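This is entry_23.tsv (TSV, C-alpha atoms and all ligand atoms).
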chain	number	residue	atom	x	y	z
L	28	MET	CA	0.00	0.00	0.00
L	29	LYS	CA	1.42	3.37	-1.00
L	30	ILE	CA	0.69	7.01	-0.31
L	31	GLN	CA	1.17	9.37	-3.23
L	32	LEU	CA	3.27	12.29	-1.92
L	33	THR	CA	3.60	13.97	-5.32
L	34	GLN	CA	2.67	12.98	-8.87
L	35	ASP	CA	5.93	11.03	-9.15
L	36	ILE	CA	6.74	9.97	-5.59
L	37	ALA	CA	4.88	7.21	-3.77
L	38	MET	CA	5.73	6.36	-0.16
L	39	PRO	CA	5.11	2.90	1.33
L	40	ALA	CA	2.26	3.53	3.80
L	41	VAL	CA	3.86	1.44	6.55
L	42	GLY	CA	7.26	2.75	7.62
L	43	PHE	CA	9.53	1.53	10.40
L	44	GLY	CA	10.01	4.08	13.22
L	45	THR	CA	13.40	4.34	14.92
L	46	TYR	CA	13.06	6.92	17.70
L	47	LEU	CA	14.74	5.79	20.96
L	48	ILE	CA	16.74	3.09	19.17
L	49	ASP	CA	20.52	3.50	19.39
L	50	ASN	CA	22.93	2.88	16.50
L	51	LYS	CA	23.75	-0.69	17.45
L	52	GLN	CA	20.13	-1.71	17.97
L	53	ALA	CA	19.04	0.24	14.87
L	54	GLU	CA	21.26	-1.95	12.72
L	55	VAL	CA	19.62	-5.08	14.20
L	56	SER	CA	16.02	-3.82	14.22
L	57	VAL	CA	16.10	-2.20	10.78
L	58	THR	CA	17.56	-5.44	9.39
L	59	GLN	CA	14.65	-7.35	10.98
L	60	ALA	CA	12.16	-4.79	9.64
L	61	LEU	CA	13.51	-5.09	6.10
L	62	LYS	CA	13.29	-8.90	6.35
L	63	ALA	CA	9.70	-8.55	7.55
L	64	GLY	CA	8.83	-6.53	4.43
L	65	TYR	CA	9.13	-2.89	5.49
L	66	ARG	CA	10.52	-0.75	2.67
L	67	HIS	CA	10.23	2.63	4.38
L	68	ILE	CA	12.47	3.65	7.29
L	69	ASP	CA	11.97	6.80	9.36
L	70	THR	CA	14.98	8.29	11.14
L	71	ALA	CA	16.22	11.76	12.08
L	72	GLU	CA	19.41	13.66	12.76
L	73	GLY	CA	18.07	14.03	16.32
L	74	TYR	CA	17.71	10.26	16.86
L	75	GLN	CA	21.49	9.82	16.59
L	76	ASN	CA	21.04	6.47	14.86
L	77	GLU	CA	21.45	7.29	11.16
L	78	ALA	CA	24.75	5.39	11.03
L	79	GLY	CA	23.11	2.19	12.33
L	80	VAL	CA	20.12	2.63	10.01
L	81	GLY	CA	22.56	3.15	7.12
L	82	ARG	CA	24.54	-0.01	7.91
L	83	ALA	CA	21.32	-2.04	7.84
L	84	ILE	CA	20.02	-0.60	4.58
L	85	ARG	CA	23.36	-1.01	2.81
L	86	ALA	CA	23.70	-4.62	3.98
L	87	THR	CA	20.24	-5.80	2.86
L	88	GLY	CA	20.88	-6.22	-0.83
L	89	ILE	CA	17.56	-4.48	-1.54
L	90	SER	CA	18.18	-1.95	-4.28
L	91	ARG	CA	18.16	1.68	-3.19
L	92	GLY	CA	15.30	2.46	-5.57
L	93	ASP	CA	13.07	-0.05	-3.74
L	94	LEU	CA	13.66	1.62	-0.37
L	95	PHE	CA	12.12	4.81	0.97
L	96	VAL	CA	14.29	6.62	3.51
L	97	THR	CA	13.09	9.60	5.54
L	98	THR	CA	15.31	11.71	7.74
L	99	LYS	CA	14.78	15.02	9.49
L	100	LEU	CA	16.63	18.28	9.99
L	101	TRP	CA	17.03	19.21	13.65
L	102	PRO	CA	16.11	22.90	13.27
L	103	GLY	CA	17.64	24.02	16.57
L	104	ASN	CA	15.55	25.42	19.40
L	105	PRO	CA	16.46	28.63	21.23
L	106	ALA	CA	14.21	27.58	24.15
L	107	TRP	CA	16.51	24.60	24.72
L	108	GLY	CA	19.73	26.49	24.05
L	109	HIS	CA	20.15	24.84	20.62
L	110	PRO	CA	21.31	27.33	17.98
L	111	VAL	CA	18.92	27.67	15.05
L	112	LYS	CA	20.32	26.36	11.77
L	113	ASP	CA	20.65	28.92	8.98
L	114	ARG	CA	20.73	28.05	5.26
L	115	ALA	CA	24.38	26.94	5.27
L	116	ALA	CA	23.93	24.87	8.43
L	117	THR	CA	20.85	23.21	6.91
L	118	PHE	CA	22.84	22.22	3.81
L	119	ALA	CA	25.66	20.92	6.04
L	120	ALA	CA	23.19	18.93	8.20
L	121	LEU	CA	21.74	17.13	5.18
L	122	ASP	CA	25.23	16.32	3.87
L	123	GLN	CA	26.11	14.84	7.25
L	124	SER	CA	22.89	12.81	7.35
L	125	LEU	CA	23.62	11.43	3.86
L	126	GLU	CA	27.14	10.54	4.92
L	127	ARG	CA	26.01	8.77	8.09
L	128	LEU	CA	23.28	6.92	6.16
L	129	GLY	CA	25.72	6.11	3.36
L	130	VAL	CA	23.25	7.10	0.64
L	131	ASP	CA	23.32	9.69	-2.17
L	132	TYR	CA	19.84	11.03	-1.49
L	133	VAL	CA	16.91	10.64	0.90
L	134	ASP	CA	13.37	10.13	-0.32
L	135	LEU	CA	11.82	12.53	2.18
L	136	TYR	CA	13.52	15.27	4.19
L	137	LEU	CA	11.52	16.95	6.95
L	138	ILE	CA	12.04	19.93	9.24
L	139	HIS	CA	11.58	18.09	12.56
L	140	ALA	CA	9.62	20.82	14.37
L	141	PRO	CA	8.66	24.50	13.95
L	142	PHE	CA	11.24	25.62	16.51
L	143	ALA	CA	13.31	27.96	14.30
L	144	GLY	CA	10.91	30.90	14.75
L	145	PRO	CA	11.74	33.69	12.29
L	146	GLN	CA	14.26	31.40	10.53
L	147	ARG	CA	11.67	28.74	9.66
L	148	LEU	CA	11.32	30.15	6.14
L	149	GLU	CA	15.10	30.22	5.60
L	150	GLN	CA	15.19	26.52	6.49
L	151	TRP	CA	12.26	25.77	4.20
L	152	GLU	CA	13.94	27.61	1.29
L	153	ALA	CA	17.05	25.51	1.93
L	154	LEU	CA	14.97	22.31	1.67
L	155	ILE	CA	13.53	23.54	-1.65
L	156	ALA	CA	17.09	24.12	-2.89
L	157	LEU	CA	18.14	20.63	-1.74
L	158	ARG	CA	15.26	19.16	-3.73
L	159	GLU	CA	16.42	21.10	-6.80
L	160	GLN	CA	19.93	19.71	-6.27
L	161	GLY	CA	18.51	16.16	-6.23
L	162	LYS	CA	19.80	15.38	-2.73
L	163	VAL	CA	16.25	14.86	-1.47
L	164	ARG	CA	13.27	13.71	-3.54
L	165	ALA	CA	10.36	15.02	-1.49
L	166	ILE	CA	10.33	17.62	1.28
L	167	GLY	CA	8.07	18.21	4.20
L	168	VAL	CA	7.66	19.31	7.76
L	169	SER	CA	6.85	17.70	11.07
L	170	ASN	CA	4.86	19.07	13.98
L	171	PHE	CA	3.85	22.13	11.95
L	172	ALA	CA	0.48	23.71	12.76
L	173	GLN	CA	-1.69	25.32	10.07
L	174	ASP	CA	-0.21	28.78	10.84
L	175	HIS	CA	3.33	27.50	10.24
L	176	ILE	CA	2.27	26.17	6.83
L	177	GLU	CA	0.35	29.33	5.96
L	178	GLU	CA	3.56	31.25	6.65
L	179	ILE	CA	5.16	29.26	3.81
L	180	ARG	CA	2.25	30.03	1.49
L	181	ALA	CA	2.35	33.75	2.39
L	182	ALA	CA	6.04	33.79	1.37
L	183	GLY	CA	5.03	32.43	-2.06
L	184	LEU	CA	7.00	29.20	-1.59
L	185	SER	CA	5.87	25.72	-2.61
L	186	LEU	CA	3.99	23.92	0.16
L	187	PRO	CA	5.33	20.80	1.93
L	188	ASP	CA	4.62	17.36	0.45
L	189	ALA	CA	3.94	15.95	3.94
L	190	ASN	CA	3.49	16.88	7.60
L	191	GLN	CA	4.47	14.20	10.13
L	192	ILE	CA	2.38	14.64	13.28
L	193	GLU	CA	1.10	12.69	16.27
L	194	LEU	CA	-2.09	10.89	15.27
L	195	HIS	CA	-3.98	8.08	17.00
L	196	PRO	CA	-7.54	7.69	18.29
L	197	TRP	CA	-6.74	9.79	21.40
L	198	CYS	CA	-5.12	12.57	19.32
L	199	GLN	CA	-7.01	12.93	16.03
L	200	ASN	CA	-6.33	16.61	15.31
L	201	PRO	CA	-9.43	16.94	13.08
L	202	GLU	CA	-8.87	20.60	12.09
L	203	LEU	CA	-5.23	20.14	11.10
L	204	THR	CA	-5.83	16.86	9.24
L	205	SER	CA	-8.77	18.38	7.30
L	206	TYR	CA	-6.60	21.36	6.38
L	207	LEU	CA	-3.76	19.06	5.22
L	208	ALA	CA	-6.19	17.00	3.13
L	209	LYS	CA	-7.62	20.18	1.54
L	210	GLU	CA	-4.11	21.40	0.68
L	211	GLY	CA	-2.96	18.03	-0.69
L	212	ILE	CA	-0.31	17.66	2.04
L	213	SER	CA	0.05	14.02	3.15
L	214	ALA	CA	-0.38	13.39	6.86
L	215	ILE	CA	2.10	10.90	8.29
L	216	ALA	CA	1.11	9.57	11.72
L	217	TYR	CA	3.67	9.13	14.46
L	218	SER	CA	3.25	7.47	17.86
L	219	SER	CA	0.20	5.50	16.66
L	220	LEU	CA	0.56	3.16	19.63
L	221	VAL	CA	0.23	5.76	22.45
L	222	PRO	CA	-3.06	4.23	23.76
L	223	LEU	CA	-1.39	0.85	24.46
L	224	ALA	CA	-0.64	0.21	28.13
L	225	GLU	CA	2.86	-0.97	27.06
L	226	TRP	CA	3.70	2.17	25.02
L	227	ARG	CA	7.25	3.35	25.86
L	228	THR	CA	7.30	1.48	29.18
L	229	ALA	CA	10.61	-0.21	28.33
L	230	GLU	CA	11.94	3.16	27.14
L	231	GLY	CA	11.32	4.76	30.57
L	232	HIS	CA	8.15	6.72	29.80
L	233	ASP	CA	9.88	9.56	27.95
L	234	SER	CA	6.66	11.46	27.13
L	235	ALA	CA	3.80	13.60	28.46
L	236	LYS	CA	1.40	10.61	28.66
L	237	SER	CA	-0.54	11.01	31.91
L	238	ASP	CA	-1.03	8.34	34.58
L	239	GLU	CA	-4.75	8.45	33.80
L	240	MET	CA	-4.05	7.61	30.15
L	241	ARG	CA	-1.77	4.77	31.22
L	242	GLN	CA	-4.51	3.32	33.43
L	243	ASP	CA	-7.11	3.70	30.68
L	244	GLY	CA	-4.96	1.74	28.24
L	245	ALA	CA	-4.68	-1.13	30.71
L	246	LYS	CA	-8.43	-1.41	31.47
L	247	THR	CA	-9.82	-4.78	30.45
L	248	ASP	CA	-12.94	-3.10	29.02
L	249	SER	CA	-10.95	-0.67	26.82
L	250	PRO	CA	-12.70	-0.21	23.44
L	251	ILE	CA	-9.43	-0.96	21.65
L	252	LYS	CA	-9.16	-4.31	23.45
L	253	GLY	CA	-12.79	-4.94	22.41
L	254	LEU	CA	-12.01	-4.28	18.73
L	255	ALA	CA	-8.87	-6.43	18.92
L	256	SER	CA	-10.91	-9.33	20.26
L	257	LYS	CA	-13.66	-8.77	17.65
L	258	HIS	CA	-11.14	-8.97	14.78
L	259	GLY	CA	-8.86	-11.58	16.39
L	260	VAL	CA	-5.81	-9.31	16.14
L	261	ALA	CA	-3.58	-7.40	18.60
L	262	GLU	CA	-4.52	-3.95	19.92
L	263	ALA	CA	-1.48	-2.52	18.12
L	264	GLN	CA	-2.87	-3.79	14.81
L	265	ILE	CA	-6.20	-2.01	15.47
L	266	LEU	CA	-4.40	1.29	16.12
L	267	LEU	CA	-2.20	0.92	13.05
L	268	ARG	CA	-5.08	-0.15	10.81
L	269	TRP	CA	-7.03	2.93	11.99
L	270	GLY	CA	-4.18	5.12	10.73
L	271	LEU	CA	-4.10	3.37	7.35
L	272	GLN	CA	-7.89	3.59	6.93
L	273	LYS	CA	-7.71	7.33	7.70
L	274	GLY	CA	-5.29	7.56	4.76
L	275	TYR	CA	-2.19	8.28	6.84
L	276	GLY	CA	1.29	6.88	6.54
L	277	ILE	CA	2.21	5.07	9.79
L	278	LEU	CA	5.60	4.48	11.45
L	279	PRO	CA	5.42	1.75	14.12
L	280	LYS	CA	8.61	1.36	16.16
L	281	SER	CA	9.62	-1.85	17.89
L	282	THR	CA	12.82	-3.58	18.90
L	283	ASN	CA	11.03	-6.92	19.23
L	284	ALA	CA	11.15	-9.12	16.11
L	285	ASP	CA	7.66	-10.59	16.67
L	286	ARG	CA	6.11	-7.16	17.16
L	287	ILE	CA	8.02	-5.81	14.14
L	288	ARG	CA	6.29	-8.50	12.04
L	289	GLN	CA	2.92	-7.97	13.73
L	290	ASN	CA	2.99	-4.23	13.04
L	291	ILE	CA	3.12	-4.72	9.27
L	292	ASP	CA	0.57	-7.56	9.25
L	293	LEU	CA	-2.36	-5.22	8.70
L	294	PHE	CA	-3.99	-6.36	5.50
L	295	SER	CA	-6.00	-9.44	6.48
L	296	PHE	CA	-8.76	-7.55	8.29
L	297	GLU	CA	-10.66	-4.28	7.94
L	298	LEU	CA	-12.30	-1.97	10.45
L	299	ASP	CA	-15.96	-1.44	9.50
L	300	THR	CA	-17.87	1.86	9.61
L	301	GLY	CA	-19.09	1.13	13.15
L	302	ASP	CA	-15.55	0.37	14.35
L	303	MET	CA	-14.24	3.60	12.80
L	304	LYS	CA	-17.10	5.59	14.42
L	305	HIS	CA	-16.28	4.01	17.77
L	306	LEU	CA	-12.63	5.03	17.39
L	307	ALA	CA	-13.60	8.53	16.14
L	308	ASP	CA	-15.44	9.08	19.44
L	309	MET	CA	-12.22	8.50	21.44
L	310	ASN	CA	-10.50	11.80	20.59
L	311	ARG	CA	-9.06	13.55	23.68
L	312	GLY	CA	-7.04	16.44	22.29
L	313	GLY	CA	-3.35	17.27	21.92
L	314	GLY	CA	-0.28	15.11	21.50
L	315	VAL	CA	1.63	13.47	24.36
L	316	ALA	CA	4.62	11.88	22.62
L	317	TRP	CA	6.97	14.77	23.41
L	318	ALA	CA	7.85	15.13	27.11
L	319	SER	CA	8.12	18.90	26.49
L	320	GLY	CA	4.49	19.10	25.29
L	321	ASP	CA	2.79	19.07	21.89
L	322	PRO	CA	5.27	20.76	19.51
L	323	THR	CA	2.54	21.90	17.09
L	324	GLN	CA	1.55	24.33	19.86
L	325	GLN	CA	5.08	25.77	20.08
L	326	GLY	CA	7.37	27.83	17.86
H	1	LIG	P1	5.06	3.82	18.58
H	1	LIG	O1	5.45	3.15	17.34
H	1	LIG	O2	3.75	4.50	18.67
H	1	LIG	O3	5.16	2.80	19.81
H	1	LIG	C1	6.36	2.21	20.23
H	1	LIG	C2	6.15	1.62	21.61
H	1	LIG	O4	5.15	0.58	21.55
H	1	LIG	C3	7.39	0.96	22.14
H	1	LIG	O5	7.34	1.02	23.57
H	1	LIG	C4	7.24	-0.48	21.66
H	1	LIG	O6	7.97	-1.37	22.49
H	1	LIG	C5	5.76	-0.71	21.79
H	1	LIG	N1	5.23	-1.60	20.76
H	1	LIG	C6	5.54	-1.59	19.44
H	1	LIG	N2	4.82	-2.52	18.78
H	1	LIG	C7	4.04	-3.13	19.70
H	1	LIG	C8	3.07	-4.17	19.63
H	1	LIG	N3	2.78	-4.75	18.47
H	1	LIG	N4	2.47	-4.55	20.78
H	1	LIG	C9	2.76	-3.95	21.96
H	1	LIG	N5	3.66	-2.95	22.09
H	1	LIG	C10	4.30	-2.53	20.97
H	1	LIG	O7	6.16	4.85	19.08
H	1	LIG	P2	6.98	6.07	18.64
H	1	LIG	O8	8.39	5.63	18.57
H	1	LIG	O9	6.60	7.18	19.51
H	1	LIG	O10	6.48	6.50	17.18
H	1	LIG	C11	6.81	5.77	16.03
H	1	LIG	C12	7.84	6.50	15.16
H	1	LIG	O11	7.34	7.76	14.73
H	1	LIG	C13	9.14	6.87	15.89
H	1	LIG	O12	9.97	5.77	16.13
H	1	LIG	C14	9.69	7.91	14.94
H	1	LIG	O13	10.26	7.30	13.80
H	1	LIG	C15	8.41	8.69	14.61
H	1	LIG	N6	8.19	9.81	15.56
H	1	LIG	C16	8.32	11.07	15.08
H	1	LIG	C17	8.14	12.16	15.92
H	1	LIG	C18	8.29	13.54	15.37
H	1	LIG	O14	8.32	14.50	16.15
H	1	LIG	N7	8.39	13.70	14.06
H	1	LIG	C19	7.81	11.97	17.27
H	1	LIG	C20	7.66	10.67	17.73
H	1	LIG	C21	7.82	9.60	16.86
H	1	LIG	P3	8.99	-2.47	21.84
H	1	LIG	O15	10.02	-1.69	21.07
H	1	LIG	O16	9.53	-3.15	23.04
H	1	LIG	O17	8.14	-3.34	20.96
Let me see the file written as structure tokens.
Amino acid sequence: MKIQLTQDIAMPAVGFGTYLIDNKQAEVSVTQALKAGYRHIDTAEGYQNEAGVGRAIRATGISRGDLFVTTKLWPGNPAWGHPVKDRAATFAALDQSLERLGVDYVDLYLIHAPFAGPQRLEQWEALIALREQGKVRAIGVSNFAQDHIEEIRAAGLSLPDANQIELHPWCQNPELTSYLAKEGISAIAYSSLVPLAEWRTAEGHDSAKSDEMRQDGAKTDSPIKGLASKHGVAEAQILLRWGLQKGYGILPKSTNADRIRQNIDLFSFELDTGDMKHLADMNRGGGVAWASGDPTQQG
């Protein structure tokens, strides 16, 4: 299943997420993901694992043209004492990402978050230039709110091909997703598995997920558990299938080989209209994946 980012560029709808996986484990887990059939890998300068991801993709024997690789520019963030990258620093960051990944181009390059303030447009212009140079095929943003995208339009620049944002039944962002659909900007869902009781427990709870949400995910009468039992699949598969049926790209992360396989085994069942309505009624509001709060509300 593919998502058409532009007329010429199609992205495999199921990508493998790599946040909170170190270089050594990334090499192992990305290798397992590629064996399981994933052809789209999502990494970032900020994840500090591009070298491990690169070793796995170069070792697979799968031709580069059959793989879809996304990485992200860390824009800087004055609020965290990180200097904002200007045009030259953005070019240098992509060159370093390509070198660590050991590839000549990436399929999708994203600005990780809208944290560059007045320099957001300078970074976006740099991404447009990188696309013209052929170092990146498609360009997009992540964690951008409608206002951040309208800023690009007001400057007369071409709009992003995609916006990667937190999306799952508890965080459906209906206004932003409708806007993206209207503008032809693909929504890519991250942290699809937030409602699971197990989500990021092994990773030490690095997030803003509340104790109440944790308890809700563990309840035996949770609606997601009910749908999993109805369809004879795991709760994770219900959450991921919801994302696909909403038309989003999805990026499940796991370091467990069985779960890596389970998270791409999404095509033998379908959520019906009633199931989708049930899930639509579960929206609670903003994102929780970032410990510092929902980044679409910042910058
Ligand atoms: P996720 O994929 O929503 O969930 C991962 C968590 O769920 C881990 O604790 C994992 O543990 C567990 N898990 C995975 N599959 C499972 C299954 N089948 N059953 C039960 N538990 C399961 O997490 P995420 O890493 O937050 O998001 C996915 C990807 O989106 C990231 O890796 C990254 O590539 C991207 N992302 C982007 C941003 C952004 O700002 N652009 C932010 C967050 C994430 P195990 O590893 O032990 O299986």
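Across the structure, atom CA of L:Thr323 and atom CA of L:Tyr132 are spaced 27.6 Å apart.
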Expected answer as a short mmCIF file (atom, residue, chain, number, x, y, z; two decimals) with C-alpha atoms, in the frame of the given file: residues within 6 Å of ligand LIG 1 (chain H), all atoms listed in the file:
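Generated output (result_15.cif):
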data_model
loop_
_atom_site.label_atom_id
_atom_site.label_comp_id
_atom_site.auth_asym_id
_atom_site.auth_seq_id
_atom_site.Cartn_x
_atom_site.Cartn_y
_atom_site.Cartn_z
CA GLY L 44 10.01 4.08 13.22
CA THR L 45 13.40 4.34 14.92
CA TYR L 46 13.06 6.92 17.70
CA ASP L 69 11.97 6.80 9.36
CA THR L 70 14.98 8.29 11.14
CA HIS L 139 11.58 18.09 12.56
CA SER L 169 6.85 17.70 11.07
CA GLN L 191 4.47 14.20 10.13
CA TYR L 217 3.67 9.13 14.46
CA SER L 218 3.25 7.47 17.86
CA SER L 219 0.20 5.50 16.66
CA LEU L 220 0.56 3.16 19.63
CA VAL L 221 0.23 5.76 22.45
CA GLU L 225 2.86 -0.97 27.06
CA TRP L 226 3.70 2.17 25.02
CA ARG L 227 7.25 3.35 25.86
CA THR L 228 7.30 1.48 29.18
CA ALA L 229 10.61 -0.21 28.33
CA ALA L 263 -1.48 -2.52 18.12
CA LEU L 278 5.60 4.48 11.45
CA PRO L 279 5.42 1.75 14.12
CA LYS L 280 8.61 1.36 16.16
CA SER L 281 9.62 -1.85 17.89
CA THR L 282 12.82 -3.58 18.90
CA ASN L 283 11.03 -6.92 19.23
CA ARG L 286 6.11 -7.16 17.16
CA GLN L 289 2.92 -7.97 13.73
CA ASN L 290 2.99 -4.23 13.04
CA ALA L 316 4.62 11.88 22.62
#
(request) Please provide the set of residues having any atom within 7 Å of L:Ile212, restricted to all atoms listed in the file, with same-chain residues fewer than 2 positions apart removed, written as a PyMOL selection string. (result) chain L and resi 187-190+207-208+210+214
(request) Go through L:His109, L:Arg288, L:His258, L:Arg241 one by one, measure the shortest atom-to-atom distance of each to L:Ala224 using only C-alpha atoms, and give the residue with the smallest value. (result)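 Residue with the minimum atom-to-atom distance to L:Ala224: L:Arg241.
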(request) Check the smallest atom-to-atom distance from each of L:Pro102, L:Gly276, L:Gly259, L:Gly244 to L:Trp151 using all atoms listed in the file, then report the winner. (result)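 That would be L:Pro102, the residue with the smallest distance to L:Trp151.
Rounded to one decimal, atom CA of L:Glu202 and atom CA of L:Gln34 lie 25.1 Å from each other.
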(request) Kindly indicate which residue among L:Gln75, L:Asn104, L:Gln272, L:Ser90 lies nearest to L:Ala143, using all atoms listed in the file for the distances. (result)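 So, comparing all the options, the nearest one is L:Asn104.
Proximity ranking of L:Met309, L:Met303, L:Leu293, L:Ala37 relative to L:His67 places L:Ala37 first, based on all atoms listed in the file.
If you look at atom CA of L:Ala119 and atom CA of L:Asp131, they are 14.1 Å away from each other.
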(message) With distances taken over all atoms listed in the file, which residue among L:Lys62, L:His305, L:Lys112, L:Arg158 lies nearest L:Ile84?
(response)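 Between L:Lys62, L:His305, L:Lys112, L:Arg158, the residue approaching L:Ile84 most closely is L:Lys62.
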(request) Tell me which of L:Gly81, L:Ile155, L:Thr117, L:Leu271 sits closest to L:Gly129, counting only C-alpha atoms. (result)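 Looking at the shortest contact to L:Gly129, the residue is L:Gly81.
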Residues within 12 Å of L:Ser249, please, as an mmCIF file with C-alpha atoms, in the frame of the given file. Count all atoms listed in the file; anything in the same chain fewer than 4 positions from it doesn't count.
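Result written to part.cif:
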data_model
loop_
_atom_site.group_PDB
_atom_site.id
_atom_site.type_symbol
_atom_site.label_atom_id
_atom_site.label_comp_id
_atom_site.auth_asym_id
_atom_site.auth_seq_id
_atom_site.Cartn_x
_atom_site.Cartn_y
_atom_site.Cartn_z
ATOM 1 C CA PRO L 222 -3.060 4.230 23.760
ATOM 2 C CA LEU L 223 -1.390 0.850 24.460
ATOM 3 C CA ALA L 224 -0.640 0.210 28.130
ATOM 4 C CA MET L 240 -4.050 7.610 30.150
ATOM 5 C CA ARG L 241 -1.770 4.770 31.220
ATOM 6 C CA GLN L 242 -4.510 3.320 33.430
ATOM 7 C CA ASP L 243 -7.110 3.700 30.680
ATOM 8 C CA GLY L 244 -4.960 1.740 28.240
ATOM 9 C CA ALA L 245 -4.680 -1.130 30.710
ATOM 10 C CA GLY L 253 -12.790 -4.940 22.410
ATOM 11 C CA LEU L 254 -12.010 -4.280 18.730
ATOM 12 C CA ALA L 255 -8.870 -6.430 18.920
ATOM 13 C CA SER L 256 -10.910 -9.330 20.260
ATOM 14 C CA GLU L 262 -4.520 -3.950 19.920
ATOM 15 C CA HIS L 305 -16.280 4.010 17.770
ATOM 16 C CA LEU L 306 -12.630 5.030 17.390
ATOM 17 C CA MET L 309 -12.220 8.500 21.440
#
(message) Could you check which residues have any atom within 10 Å of (7.8, 14.3, 24.6), counting all atoms listed in the file with coordinates taken straight from the file, and then list them as a ChimeraX atom specification?
(response) /L:232-236,314-322
(request) Would you be able to write out as a VMD selection string which residues have an atom within 12 Å of (17.4, 18.5, 0.5) in the file's coordinates, counting all atoms listed in the file? (result) chain L and resid 97 to 100 114 to 115 117 to 125 131 to 138 150 to 167
Taking all atoms of stretch 228-231 of chain L that appear in the file, build a box with edges along x, y and z, extend it by 4 Å on every side, and state its centre and edge lengths in Å to one decimal, as JSON.
{"center_x": 9.6, "center_y": 2.3, "center_z": 28.9, "size_x": 12.6, "size_y": 13.0, "size_z": 11.4}
